[in-house]
>>> print(open('start09.txt').read())   # compact mmCIF, C-alpha atoms
# COMPACT_ATOMS: atom_id res chain seq x y z
CA MET A 1 15.33 -7.81 -7.58
CA ARG A 2 15.97 -10.19 -4.70
CA ILE A 3 14.10 -7.94 -2.33
CA SER A 4 11.04 -7.77 -4.56
CA LEU A 5 10.98 -11.55 -5.00
CA SER A 6 11.29 -12.01 -1.25
CA LEU A 7 8.33 -9.72 -0.72
CA VAL A 8 6.30 -11.89 -3.09
CA VAL A 9 7.28 -15.01 -1.15
CA TRP A 10 6.29 -13.60 2.21
CA THR A 11 3.07 -12.08 0.89
CA LEU A 12 2.02 -15.51 -0.40
CA ALA A 13 2.98 -17.17 2.84
CA LEU A 14 1.12 -14.69 5.00
CA GLY A 15 -1.95 -15.29 2.80
CA ILE A 16 -1.83 -18.98 3.65
CA ALA A 17 -1.57 -18.17 7.34
CA ALA A 18 -5.37 -18.11 7.48
CA LEU A 19 -5.25 -21.90 7.28
CA ASP A 20 -2.80 -22.18 10.15
CA THR A 21 -4.12 -24.17 13.08
CA ASP A 22 -1.00 -23.53 15.21
CA HIS A 23 0.15 -27.06 14.41
CA GLY A 24 3.27 -27.75 16.39
CA ALA A 25 3.75 -24.10 17.21
CA GLY A 26 2.05 -23.54 20.55
CA VAL A 27 1.23 -19.97 19.54
CA TRP A 28 -1.11 -17.53 21.20
CA ARG A 29 -3.43 -15.72 18.78
CA ASP A 30 -6.22 -13.17 19.17
CA SER A 31 -9.73 -14.50 19.00
CA ASP A 32 -11.77 -13.46 15.97
CA ALA A 33 -12.48 -9.73 16.38
CA GLY A 34 -14.67 -9.66 13.31
CA HIS A 35 -17.99 -8.97 15.08
CA VAL A 36 -17.86 -5.32 16.03
CA ALA A 37 -19.16 -4.76 19.55
CA LYS A 38 -19.25 -1.35 21.17
CA MET A 39 -17.65 -1.68 24.55
CA ARG A 40 -16.39 0.94 26.97
CA ILE A 41 -13.21 0.07 28.84
CA GLN A 42 -13.79 0.70 32.51
CA GLU A 43 -10.33 1.49 33.75
CA SER A 44 -11.19 0.80 37.37
CA GLU A 45 -12.05 -2.81 36.55
CA HIS A 46 -8.68 -3.63 35.07
CA THR A 47 -6.14 -2.97 37.81
CA LEU A 48 -3.61 -5.72 37.18
CA ASP A 49 -1.07 -7.19 39.55
CA ILE A 50 2.13 -7.95 37.68
CA HIS A 51 4.25 -8.46 40.76
CA SER A 52 2.49 -11.73 41.56
CA PRO A 53 4.25 -15.09 41.80
CA THR A 54 5.08 -17.03 38.66
CA ASP A 55 1.93 -19.12 38.92
CA ASN A 56 -0.22 -15.96 38.72
CA ARG A 57 1.53 -14.33 35.77
CA GLN A 58 -0.76 -16.18 33.37
CA ALA A 59 -3.81 -14.77 35.13
CA SER A 60 -2.39 -11.24 34.85
CA PHE A 61 -1.71 -11.79 31.15
CA ASP A 62 -5.22 -13.14 30.57
CA LYS A 63 -6.76 -10.07 32.21
CA ALA A 64 -4.63 -7.73 30.12
CA LEU A 65 -5.44 -9.64 26.95
CA LYS A 66 -9.17 -9.43 27.71
CA VAL A 67 -8.93 -5.64 27.97
CA LEU A 68 -7.08 -5.43 24.65
CA GLN A 69 -9.53 -7.72 22.87
CA GLN A 70 -12.49 -5.69 24.14
CA TYR A 71 -10.86 -2.53 22.86
CA GLN A 72 -10.07 -4.18 19.51
CA SER A 73 -13.64 -5.32 19.05
CA SER A 74 -14.89 -1.77 19.73
CA LEU A 75 -12.88 -0.29 16.87
CA LYS A 76 -14.85 0.00 13.64
CA SER A 77 -11.91 1.04 11.53
CA HIS A 78 -8.13 0.96 11.75
CA ASN A 79 -7.56 3.37 8.85
CA MET A 80 -5.04 6.14 9.11
CA PRO A 81 -6.56 9.55 9.94
CA GLY A 82 -7.26 11.57 6.81
CA ARG A 83 -4.78 14.39 7.36
CA TYR A 84 -1.86 11.98 7.79
CA GLU A 85 -3.02 9.80 4.93
CA SER A 86 -3.07 12.82 2.61
CA GLN A 87 0.48 13.74 3.63
CA LEU A 88 1.74 10.27 2.84
CA LYS A 89 0.14 10.48 -0.60
CA THR A 90 2.12 13.62 -1.46
CA TYR A 91 4.54 11.88 -3.83
CA ARG A 92 1.77 10.39 -5.93
CA ASP A 93 -0.34 13.57 -5.96
CA ILE A 94 2.54 15.81 -7.03
CA SER A 95 3.71 13.51 -9.81
CA SER A 96 0.19 13.14 -11.24
CA PHE A 97 0.45 16.65 -12.71
CA PHE A 98 3.45 15.68 -14.86
CA PRO A 99 3.73 13.52 -18.01
CA LYS A 100 4.32 9.82 -17.40
CA VAL A 101 7.95 9.95 -18.54
CA ALA A 102 8.71 12.59 -15.89
CA ARG A 103 6.72 11.15 -12.96
CA GLU A 104 9.49 8.89 -11.67
CA TYR A 105 11.93 11.80 -11.49
CA VAL A 106 9.37 14.04 -9.79
CA GLN A 107 8.65 11.36 -7.20
CA GLY A 108 12.36 11.00 -6.53
CA ALA A 109 12.79 14.75 -6.13
CA ALA A 110 9.83 14.87 -3.73
CA ARG A 111 11.37 12.11 -1.63
CA VAL A 112 14.71 13.92 -1.47
CA PHE A 113 12.98 17.18 -0.51
CA SER A 114 10.95 15.48 2.21
CA SER A 115 14.02 13.67 3.49
CA VAL A 116 16.14 16.84 3.65
CA PHE A 117 13.49 18.78 5.57
CA GLY A 118 12.37 15.78 7.66
CA LEU A 119 8.76 15.91 6.46
CA THR A 120 8.37 12.13 6.26
CA ASP A 121 9.75 11.58 9.75
CA ARG A 122 7.55 14.32 11.16
CA THR A 123 4.45 12.86 9.50
CA ALA A 124 5.21 9.41 10.90
CA ALA A 125 5.94 10.84 14.34
CA ARG A 126 2.67 12.81 14.35
CA TYR A 127 0.71 9.74 13.33
CA ALA A 128 2.38 7.58 16.00
CA SER A 129 1.63 10.26 18.59
CA HIS A 130 -1.98 10.44 17.45
CA ARG A 131 -2.42 6.66 17.86
CA ARG A 132 -0.84 6.62 21.32
CA ASN A 133 -2.91 9.56 22.55
CA SER A 134 -6.13 7.97 21.30
CA GLN A 135 -5.68 4.87 23.47
CA PRO A 136 -7.85 4.69 26.62
CA LYS A 137 -5.93 4.62 29.87
CA GLY A 138 -7.03 1.05 30.55
CA VAL A 139 -5.58 -0.09 27.21
CA LYS A 140 -2.26 1.64 27.91
CA GLN A 141 -2.15 -0.04 31.31
CA ALA A 142 -2.87 -3.44 29.75
CA ILE A 143 -0.06 -3.02 27.21
CA GLN A 144 2.28 -1.94 29.99
CA THR A 145 1.31 -5.08 31.92
CA VAL A 146 2.12 -7.25 28.90
CA ARG A 147 5.43 -5.43 28.51
CA LYS A 148 6.45 -6.00 32.14
CA LEU A 149 5.44 -9.66 31.99
CA ALA A 150 7.53 -10.00 28.83
CA GLU A 151 10.53 -8.56 30.68
CA GLN A 152 10.08 -11.40 33.18
CA GLY A 153 10.33 -13.93 30.33
CA HIS A 154 6.65 -14.85 30.11
CA GLU A 155 6.39 -16.45 26.67
CA GLU A 156 2.82 -15.54 25.77
CA SER A 157 3.49 -11.94 26.79
CA LEU A 158 6.61 -11.87 24.64
CA PHE A 159 4.63 -13.05 21.64
CA ALA A 160 1.75 -10.65 22.30
CA LEU A 161 4.13 -7.72 22.68
CA ALA A 162 5.99 -8.59 19.49
CA GLU A 163 2.69 -8.76 17.59
CA ILE A 164 1.62 -5.37 18.98
CA GLU A 165 4.90 -3.81 17.87
CA MET A 166 4.92 -5.59 14.51
CA TYR A 167 1.39 -4.70 13.41
CA GLY A 168 0.56 -1.64 15.49
CA LYS A 169 -2.26 -3.42 17.28
CA TYR A 170 -4.67 -1.78 19.72
CA GLY A 171 -3.81 1.72 18.52
CA SER A 172 -0.07 1.34 19.16
CA ALA A 173 2.62 2.65 16.82
CA LEU A 174 4.70 0.32 14.66
CA GLU A 175 8.04 -0.48 16.30
CA LEU A 176 9.72 -2.99 14.01
CA ASP A 177 13.08 -3.07 15.75
CA LEU A 178 11.49 -3.81 19.11
CA ALA A 179 9.32 -6.47 17.47
CA PHE A 180 12.46 -8.10 16.07
CA GLU A 181 14.07 -8.13 19.53
CA HIS A 182 11.07 -9.78 21.14
CA TYR A 183 10.63 -12.35 18.38
CA GLN A 184 14.33 -13.14 18.77
CA GLN A 185 14.02 -13.48 22.54
CA LEU A 186 11.00 -15.77 22.23
CA ALA A 187 12.69 -17.92 19.59
CA ASP A 188 15.78 -18.27 21.80
CA ILE A 189 13.74 -19.18 24.89
CA SER A 190 11.28 -21.66 23.46
CA GLY A 191 11.96 -22.20 19.75
CA ASN A 192 8.50 -20.77 18.99
CA ALA A 193 7.72 -21.58 15.35
CA THR A 194 5.88 -18.34 14.63
CA ALA A 195 8.69 -16.26 16.13
CA GLN A 196 11.22 -18.12 13.99
CA TYR A 197 9.09 -17.53 10.90
CA MET A 198 8.85 -13.81 11.63
CA LEU A 199 12.62 -13.60 12.10
CA GLY A 200 12.94 -15.19 8.68
CA LEU A 201 10.69 -12.46 7.31
CA PHE A 202 12.80 -9.71 8.88
CA TYR A 203 16.00 -11.13 7.40
CA ALA A 204 14.41 -11.81 4.01
CA VAL A 205 13.34 -8.25 3.27
CA GLY A 206 15.45 -6.24 5.72
CA LEU A 207 12.59 -4.88 7.81
CA GLY A 208 13.37 -1.99 10.10
CA SER A 209 17.11 -1.71 10.74
CA THR A 210 17.62 -5.45 10.22
CA GLU A 211 20.15 -6.16 7.50
CA GLN A 212 18.89 -8.36 4.68
CA GLN A 213 20.51 -11.80 4.96
CA ASN A 214 19.11 -14.60 2.83
CA GLY A 215 21.13 -17.17 4.78
CA MET A 216 19.65 -16.20 8.13
CA SER A 217 16.20 -15.99 6.55
CA LEU A 218 16.56 -19.54 5.22
CA LEU A 219 17.81 -20.78 8.60
CA TYR A 220 14.90 -19.44 10.65
CA THR A 221 12.28 -20.32 8.04
CA THR A 222 13.59 -23.88 7.90
CA LEU A 223 13.56 -24.20 11.69
CA SER A 224 9.94 -23.04 11.68
CA ALA A 225 8.97 -25.39 8.84
CA ILE A 226 10.54 -28.36 10.67
CA GLN A 227 7.95 -27.78 13.40
CA GLY A 228 5.20 -27.96 10.78
CA TYR A 229 4.33 -24.25 10.68
CA ILE A 230 2.28 -23.88 7.50
CA PRO A 231 3.35 -20.37 6.35
CA ALA A 232 7.01 -21.37 6.73
CA GLU A 233 6.49 -24.50 4.65
CA ALA A 234 4.72 -22.49 1.94
CA THR A 235 7.56 -19.95 1.94
CA LEU A 236 10.23 -22.62 1.56
CA ALA A 237 8.23 -24.25 -1.23
CA PHE A 238 8.23 -21.01 -3.20
CA LYS A 239 11.89 -20.35 -2.42
CA TYR A 240 12.95 -23.75 -3.79
CA LEU A 241 10.61 -23.44 -6.76
CA SER A 242 11.98 -20.01 -7.74
CA GLY A 243 15.55 -20.37 -6.50
CA ILE A 244 15.39 -17.46 -4.06
CA GLY A 245 18.44 -17.77 -1.81
CA VAL A 246 18.61 -21.52 -2.53
CA PRO A 247 19.33 -23.73 -5.55
CA VAL A 248 16.20 -24.54 -7.56
CA SER A 249 14.78 -27.88 -6.43
CA CYS A 250 11.43 -29.00 -7.76
CA ASN A 251 11.49 -32.07 -5.49
CA LYS A 252 11.89 -30.00 -2.31
CA ALA A 253 9.29 -27.48 -3.47
CA LEU A 254 6.86 -30.32 -4.22
CA SER A 255 7.48 -31.88 -0.82
CA TYR A 256 6.67 -28.66 1.04
CA TYR A 257 3.64 -27.89 -1.15
CA GLN A 258 2.31 -31.40 -0.51
CA SER A 259 2.68 -30.90 3.23
CA VAL A 260 0.81 -27.60 3.08
CA ALA A 261 -1.92 -29.09 0.87
CA ARG A 262 -2.44 -32.08 3.19
CA LYS A 263 -2.83 -29.83 6.21
CA ALA A 264 -5.16 -27.49 4.36
CA ILE A 265 -7.41 -30.38 3.32
CA GLN A 266 -7.27 -31.88 6.81
CA TYR A 267 -8.28 -28.53 8.30
CA TYR A 268 -11.08 -28.08 5.75
CA ASN A 269 -12.51 -31.54 6.47
CA SER A 270 -12.23 -31.13 10.25
CA GLY A 271 -15.18 -28.75 10.29
CA PRO A 272 -18.92 -29.45 10.05
CA VAL A 273 -20.64 -31.53 7.37
CA MET A 274 -19.55 -30.37 3.87
CA GLY A 275 -16.34 -28.85 5.25
CA ARG A 276 -15.31 -25.48 6.61
CA HIS A 277 -15.86 -22.20 4.84
CA MET A 278 -12.94 -21.12 2.70
CA PRO A 279 -10.80 -18.25 4.08
CA ASP A 280 -12.14 -14.78 3.43
CA TYR A 281 -10.65 -12.56 0.77
CA ARG A 282 -7.98 -10.35 2.30
CA ALA A 283 -8.75 -6.70 1.59
CA ARG A 284 -5.98 -4.65 0.02
CA LEU A 285 -5.38 -0.90 0.03
CA SER A 286 -5.95 -0.87 -3.72
CA ASP A 287 -9.53 -2.06 -3.16
CA ASP A 288 -10.41 1.40 -1.87
CA ASN A 289 -9.78 2.73 -5.37
CA GLY A 290 -11.53 -0.01 -7.32
CA GLY A 291 -8.84 -2.70 -7.12
CA ALA A 292 -5.29 -3.01 -8.42
CA TYR A 293 -6.53 -3.41 -11.98
CA GLY A 294 -9.62 -1.24 -11.82
CA VAL A 295 -13.34 -1.65 -11.26
CA ARG A 296 -14.88 -5.05 -12.13
CA THR A 297 -11.59 -6.90 -11.68
CA GLY A 298 -11.82 -8.17 -8.10
CA PRO A 299 -14.20 -9.37 -5.38
CA TYR A 300 -14.67 -5.87 -3.96
CA SER A 301 -14.64 -3.91 -7.22
CA LEU A 302 -17.28 -5.75 -9.25
CA HIS A 303 -19.42 -2.71 -9.96
CA LYS A 304 -18.01 0.43 -8.40
CA VAL A 305 -15.75 1.68 -5.64
CA VAL A 306 -17.47 1.19 -2.27
CA ASN A 307 -16.20 2.83 0.89
CA ARG A 308 -17.32 2.20 4.46
CA LYS A 309 -19.77 5.10 4.56
CA SER A 310 -21.61 4.14 1.37
CA PHE A 311 -21.66 0.49 2.47
CA ASP A 312 -23.25 1.39 5.81
CA GLU A 313 -25.88 3.48 4.04
CA LEU A 314 -26.67 0.63 1.65
CA LEU A 315 -26.86 -1.84 4.53
CA LEU A 316 -29.29 0.38 6.41
CA TYR A 317 -31.41 0.70 3.27
CA HIS A 318 -31.69 -3.09 2.91
CA GLN A 319 -32.41 -3.55 6.61
CA GLN A 320 -35.26 -1.04 6.49
CA ASN A 321 -36.73 -2.73 3.40
CA ALA A 322 -36.42 -6.14 5.08
CA LEU A 323 -38.46 -4.84 8.03
CA LYS A 324 -41.18 -3.94 5.55
CA GLY A 325 -41.25 -7.53 4.26
CA ASP A 326 -39.15 -7.02 1.10
CA ILE A 327 -38.04 -10.58 0.20
CA LYS A 328 -35.23 -9.45 -2.12
CA ALA A 329 -33.73 -7.20 0.56
CA SER A 330 -34.00 -9.99 3.16
CA MET A 331 -32.24 -12.51 0.90
CA THR A 332 -29.53 -9.94 0.15
CA LEU A 333 -28.90 -9.63 3.90
CA VAL A 334 -28.94 -13.42 4.30
CA ASP A 335 -26.27 -13.77 1.64
CA LEU A 336 -24.25 -10.86 3.07
CA PHE A 337 -24.12 -12.14 6.64
CA TYR A 338 -23.75 -15.80 5.70
CA HIS A 339 -20.71 -15.28 3.47
CA GLY A 340 -19.35 -12.13 5.07
CA HIS A 341 -17.90 -9.00 3.50
CA ARG A 342 -14.99 -6.69 4.05
CA PHE A 343 -17.22 -4.31 6.02
CA ALA A 344 -19.59 -6.93 7.45
CA PRO A 345 -17.93 -10.00 9.01
CA ARG A 346 -19.71 -13.35 8.73
CA ASN A 347 -22.55 -13.57 11.25
CA PHE A 348 -24.62 -16.76 11.16
CA ALA A 349 -27.06 -15.53 13.81
CA LEU A 350 -28.07 -12.52 11.71
CA ALA A 351 -28.23 -14.60 8.53
CA LEU A 352 -30.52 -17.06 10.30
CA LYS A 353 -32.73 -14.24 11.60
CA TYR A 354 -33.43 -12.89 8.11
CA LEU A 355 -33.72 -16.39 6.69
CA ARG A 356 -36.46 -17.30 9.16
CA GLN A 357 -38.30 -14.10 8.25
CA VAL A 358 -38.25 -15.14 4.59
CA ASN A 359 -39.43 -18.69 5.36
CA THR A 360 -42.26 -17.39 7.53
CA HIS A 361 -43.38 -15.10 4.71
CA LEU A 362 -43.15 -17.70 1.92
CA PHE A 363 -44.00 -21.02 3.60
CA THR A 364 -46.82 -22.31 5.77
CA GLN A 365 -46.07 -24.05 9.09
CA GLN A 366 -46.33 -27.38 7.24
CA GLY A 367 -43.56 -26.34 4.82
CA GLU A 368 -45.88 -25.72 1.88
CA LEU A 369 -45.51 -22.74 -0.42
CA ARG A 370 -48.07 -20.04 0.24
CA LYS A 371 -50.48 -19.35 -2.58
CA GLY A 372 -50.33 -16.33 -4.86
CA LEU A 373 -46.51 -16.01 -4.98
CA VAL A 374 -44.89 -14.53 -8.06
CA GLN A 375 -42.00 -16.34 -9.78
CA SER A 376 -39.29 -14.23 -8.12
CA GLU A 377 -40.72 -15.16 -4.71
CA VAL A 378 -40.83 -18.86 -5.67
CA ASN A 379 -37.15 -18.67 -6.67
CA ALA A 380 -36.32 -16.98 -3.36
CA ALA A 381 -38.29 -19.68 -1.51
CA ALA A 382 -36.21 -22.45 -3.11
CA GLN A 383 -32.98 -20.68 -2.13
CA ALA A 384 -34.21 -19.95 1.39
CA ALA A 385 -35.31 -23.56 1.97
CA GLY A 386 -31.95 -24.90 0.82
CA MET A 387 -29.90 -22.43 2.85
CA TYR A 388 -31.96 -23.07 5.98
CA GLY A 389 -31.51 -26.83 5.53
CA ILE A 390 -27.75 -26.43 5.18
CA MET A 391 -27.53 -24.22 8.28
CA CYS A 392 -29.50 -26.87 10.23
CA LEU A 393 -27.18 -29.58 8.91
CA ARG A 394 -23.98 -27.68 9.77
CA GLY A 395 -25.17 -26.15 13.03
CA GLU A 396 -24.63 -22.57 11.87
CA GLY A 397 -26.31 -20.02 14.11
CA GLN A 398 -28.15 -22.83 15.92
CA PRO A 399 -27.56 -26.38 17.19
CA VAL A 400 -27.30 -29.15 14.58
CA ASP A 401 -30.76 -30.43 13.62
CA THR A 402 -30.44 -33.18 11.01
CA ALA A 403 -34.20 -33.88 10.93
CA ALA A 404 -34.99 -30.27 10.08
CA ALA A 405 -32.11 -30.28 7.60
CA LEU A 406 -33.57 -33.27 5.77
CA LYS A 407 -37.03 -31.68 5.69
CA TRP A 408 -35.92 -28.34 4.26
CA LEU A 409 -33.36 -29.78 1.85
CA LYS A 410 -36.06 -32.00 0.38
CA ILE A 411 -38.26 -28.93 -0.05
CA GLY A 412 -35.43 -27.08 -1.77
CA ALA A 413 -34.60 -30.06 -3.97
CA LYS A 414 -38.24 -30.48 -4.96
CA MET A 415 -38.13 -26.89 -6.22
CA GLY A 416 -34.94 -27.56 -8.23
CA HIS A 417 -32.41 -25.86 -5.94
CA GLY A 418 -28.97 -27.18 -6.93
CA ILE A 419 -27.26 -26.69 -3.57
CA SER A 420 -30.09 -28.62 -1.89
CA TYR A 421 -29.42 -31.55 -4.25
CA ASN A 422 -25.74 -31.50 -3.29
CA ALA A 423 -26.40 -31.35 0.47
CA LEU A 424 -28.96 -34.16 0.22
CA GLY A 425 -26.37 -36.20 -1.65
CA VAL A 426 -23.94 -35.71 1.23
CA MET A 427 -26.58 -36.90 3.69
CA TYR A 428 -27.29 -40.07 1.66
CA GLN A 429 -23.58 -40.66 1.17
CA ALA A 430 -22.80 -40.41 4.89
CA GLY A 431 -26.05 -41.94 6.14
CA ILE A 432 -27.15 -38.82 8.03
CA GLU A 433 -30.82 -39.13 9.08
CA VAL A 434 -31.30 -41.60 6.19
CA PRO A 435 -29.88 -45.09 5.44
CA PRO A 436 -26.60 -44.84 3.46
CA ASN A 437 -27.36 -45.08 -0.25
CA ARG A 438 -24.45 -44.58 -2.62
CA ASP A 439 -26.53 -44.79 -5.80
CA ARG A 440 -29.03 -42.21 -4.55
CA ALA A 441 -26.16 -39.92 -3.49
CA ILE A 442 -24.58 -40.12 -6.96
CA GLU A 443 -27.94 -39.38 -8.55
CA LEU A 444 -28.36 -36.28 -6.39
CA PHE A 445 -24.80 -35.12 -7.08
CA LYS A 446 -25.48 -35.38 -10.82
CA LEU A 447 -28.64 -33.30 -10.47
CA ALA A 448 -26.68 -30.71 -8.50
CA ALA A 449 -23.96 -30.59 -11.19
CA GLU A 450 -26.56 -30.01 -13.91
CA ARG A 451 -27.67 -26.87 -12.11
>>> encode(input="start09.txt", output="structure tokens")
Amino acid sequence: MRISLSLVVWTLALGIAALDTDHGAGVWRDSDAGHVAKMRIQESEHTLDIHSPTDNRQASFDKALKVLQQYQSSLKSHNMPGRYESQLKTYRDISSFFPKVAREYVQGAARVFSSVFGLTDRTAARYASHRRNSQPKGVKQAIQTVRKLAEQGHEESLFALAEIEMYGKYGSALELDLAFEHYQQLADISGNATAQYMLGLFYAVGLGSTEQQNGMSLLYTTLSAIQGYIPAEATLAFKYLSGIGVPVSCNKALSYYQSVARKAIQYYNSGPVMGRHMPDYRARLSDDNGGAYGVRTGPYSLHKVVNRKSFDELLLYHQQNALKGDIKASMTLVDLFYHGHRFAPRNFALALKYLRQVNTHLFTQQGELRKGLVQSEVNAAAQAAGMYGIMCLRGEGQPVDTAAALKWLKIGAKMGHGISYNALGVMYQAGIEVPPNRDRAIELFKLAAER
């Protein structure tokens, strides 16, 4: 029971990690690899000198990291190859032929059989070998460079190597015990908050060959939280709220939750006008089968199960229709690329491209609606005007242009677009391109709320 509760704690904390701004941690992280770019690693261009003086170790690490990031961005999918995935589903597939009351016993028997004959170990070994063999030579060399720099005590290399071993990055196999060793080494050298937090995770759930120790988990998580690391604070809050390895203390839980909430709000408000976008939904394995609770129960199972292939086909269909001037298809693509999707990361440049196509089709150069539009096109025009105004105001996909923002938001508001009312209210409240007017802002906010 303690293990399952600990897993809940760490799952929640890792979910909040999207808000982490490396406050007080001094942590290296990958840049956003969401936009898929097809790049070929030219091995001859990445010969790295790791025997350079201390001052040049950072340059060697940066070169290696660039190679790895290029390779990461070229990968469209990180899913397990089908033949290995089917082997790992053996327990579930076998038990599905039996009545519910007998399934648990059948699954247990299948595990014992696989364990006795080493099927599970062989499957894992084959999969690990497949991942290693699929790596380009330049990527292998880059990882080897990071490994050798880590052996010399280079902190960023230690962290990068631990992350590679922990999550199987860049086509590498999972090596939890090695990840633990490198997190431990980094924590001992520098007191790195993320490394301490990960050690707490290892001890909390007994990852790899690490023995579960709630005391050690609490120690490392607390050390990380003292440095202001958000996931560690969220974990301690839940621990004290639920009494997991500690006495129940609502006051301590409240204190940690308040700290997390303050940092989350501060991070949200530190972005452009109207705040940052909220973190994306984190896809789960269950989403591939319609969600944990079935179709129509989650963000990616609203209508039916959608896999990558069917999504790509649907995307191509909308893109072709948009080229033909289909307004509905264009607005679908605007919404898709503006908000992002599991299979299509947020891309403001593409959203802006389709949005401009819509505006050109529906509006004159003076910003007037073209004549002869049907009601559905008028509705799309109001949405397009408002979205374009907001993107001008926030500088999304283009430099900030408050004058254009005011123009297009007024057009959207005139057509009854609720989001345009809200954005105009923000401009009057903050005095952006207009004199500050609190009463006018409140009036606009009320109109937005009514819609």
>>> residues_around(input="start09.txt", residues="A:Val400", least_positions_apart="5", cutoff="10 Å", atoms="all atoms listed in the file", output="ChimeraX atom specification")
/A:272,390-395,405
>>> atom_distance(input="start09.txt", atom1="atom CA of A:Ala448", atom2="atom CA of A:Ile419")
6.4 Å
>>> atom_distance(input="start09.txt", atom1="atom CA of A:Ser224", atom2="atom CA of A:Ala193")
4.5 Å
>>> atom_distance(input="start09.txt", atom1="atom CA of A:Tyr256", atom2="atom CA of A:Glu233")
5.5 Å
>>> residues_near_point(input="start09.txt", point="(11.0, -22.0, -5.8)", cutoff="12 Å", atoms="all atoms listed in the file", output="short mmCIF file (atom, residue, chain, number, x, y, z; two decimals) with C-alpha atoms, in the coordinates of the input")
data_model
loop_
_atom_site.label_atom_id
_atom_site.label_comp_id
_atom_site.auth_asym_id
_atom_site.auth_seq_id
_atom_site.Cartn_x
_atom_site.Cartn_y
_atom_site.Cartn_z
CA LEU A 5 10.98 -11.55 -5.00
CA SER A 6 11.29 -12.01 -1.25
CA VAL A 8 6.30 -11.89 -3.09
CA VAL A 9 7.28 -15.01 -1.15
CA GLU A 233 6.49 -24.50 4.65
CA ALA A 234 4.72 -22.49 1.94
CA THR A 235 7.56 -19.95 1.94
CA LEU A 236 10.23 -22.62 1.56
CA ALA A 237 8.23 -24.25 -1.23
CA PHE A 238 8.23 -21.01 -3.20
CA LYS A 239 11.89 -20.35 -2.42
CA TYR A 240 12.95 -23.75 -3.79
CA LEU A 241 10.61 -23.44 -6.76
CA SER A 242 11.98 -20.01 -7.74
CA GLY A 243 15.55 -20.37 -6.50
CA ILE A 244 15.39 -17.46 -4.06
CA GLY A 245 18.44 -17.77 -1.81
CA VAL A 246 18.61 -21.52 -2.53
CA PRO A 247 19.33 -23.73 -5.55
CA VAL A 248 16.20 -24.54 -7.56
CA SER A 249 14.78 -27.88 -6.43
CA CYS A 250 11.43 -29.00 -7.76
CA ASN A 251 11.49 -32.07 -5.49
CA LYS A 252 11.89 -30.00 -2.31
CA ALA A 253 9.29 -27.48 -3.47
CA LEU A 254 6.86 -30.32 -4.22
CA SER A 255 7.48 -31.88 -0.82
CA TYR A 256 6.67 -28.66 1.04
CA TYR A 257 3.64 -27.89 -1.15
#
>>> residues_around(input="start09.txt", residues="stretch 166-182 of chain A", least_positions_apart="2", cutoff="8 Å", atoms="all atoms listed in the file", output="PyMOL selection string")
chain A and resi 68+71-72+128-129+131-132+134-135+139+158-159+161-164+184-186+199+202+207-210
>>> write_last_selection(input="start09.txt", atoms="C-alpha atoms", output="mmCIF file, in the frame of the given file")
data_model
loop_
_atom_site.group_PDB
_atom_site.id
_atom_site.type_symbol
_atom_site.label_atom_id
_atom_site.label_comp_id
_atom_site.auth_asym_id
_atom_site.auth_seq_id
_atom_site.Cartn_x
_atom_site.Cartn_y
_atom_site.Cartn_z
ATOM 1 C CA LEU A 68 -7.080 -5.430 24.650
ATOM 2 C CA TYR A 71 -10.860 -2.530 22.860
ATOM 3 C CA GLN A 72 -10.070 -4.180 19.510
ATOM 4 C CA ALA A 128 2.380 7.580 16.000
ATOM 5 C CA SER A 129 1.630 10.260 18.590
ATOM 6 C CA ARG A 131 -2.420 6.660 17.860
ATOM 7 C CA ARG A 132 -0.840 6.620 21.320
ATOM 8 C CA SER A 134 -6.130 7.970 21.300
ATOM 9 C CA GLN A 135 -5.680 4.870 23.470
ATOM 10 C CA VAL A 139 -5.580 -0.090 27.210
ATOM 11 C CA LEU A 158 6.610 -11.870 24.640
ATOM 12 C CA PHE A 159 4.630 -13.050 21.640
ATOM 13 C CA LEU A 161 4.130 -7.720 22.680
ATOM 14 C CA ALA A 162 5.990 -8.590 19.490
ATOM 15 C CA GLU A 163 2.690 -8.760 17.590
ATOM 16 C CA ILE A 164 1.620 -5.370 18.980
ATOM 17 C CA GLN A 184 14.330 -13.140 18.770
ATOM 18 C CA GLN A 185 14.020 -13.480 22.540
ATOM 19 C CA LEU A 186 11.000 -15.770 22.230
ATOM 20 C CA LEU A 199 12.620 -13.600 12.100
ATOM 21 C CA PHE A 202 12.800 -9.710 8.880
ATOM 22 C CA LEU A 207 12.590 -4.880 7.810
ATOM 23 C CA GLY A 208 13.370 -1.990 10.100
ATOM 24 C CA SER A 209 17.110 -1.710 10.740
ATOM 25 C CA THR A 210 17.620 -5.450 10.220
#
>>> residues_around(input="start09.txt", residues="A:Arg276", least_positions_apart="6", cutoff="10 Å", atoms="only C-alpha atoms", output="ChimeraX atom specification")
/A:265,267-270,394
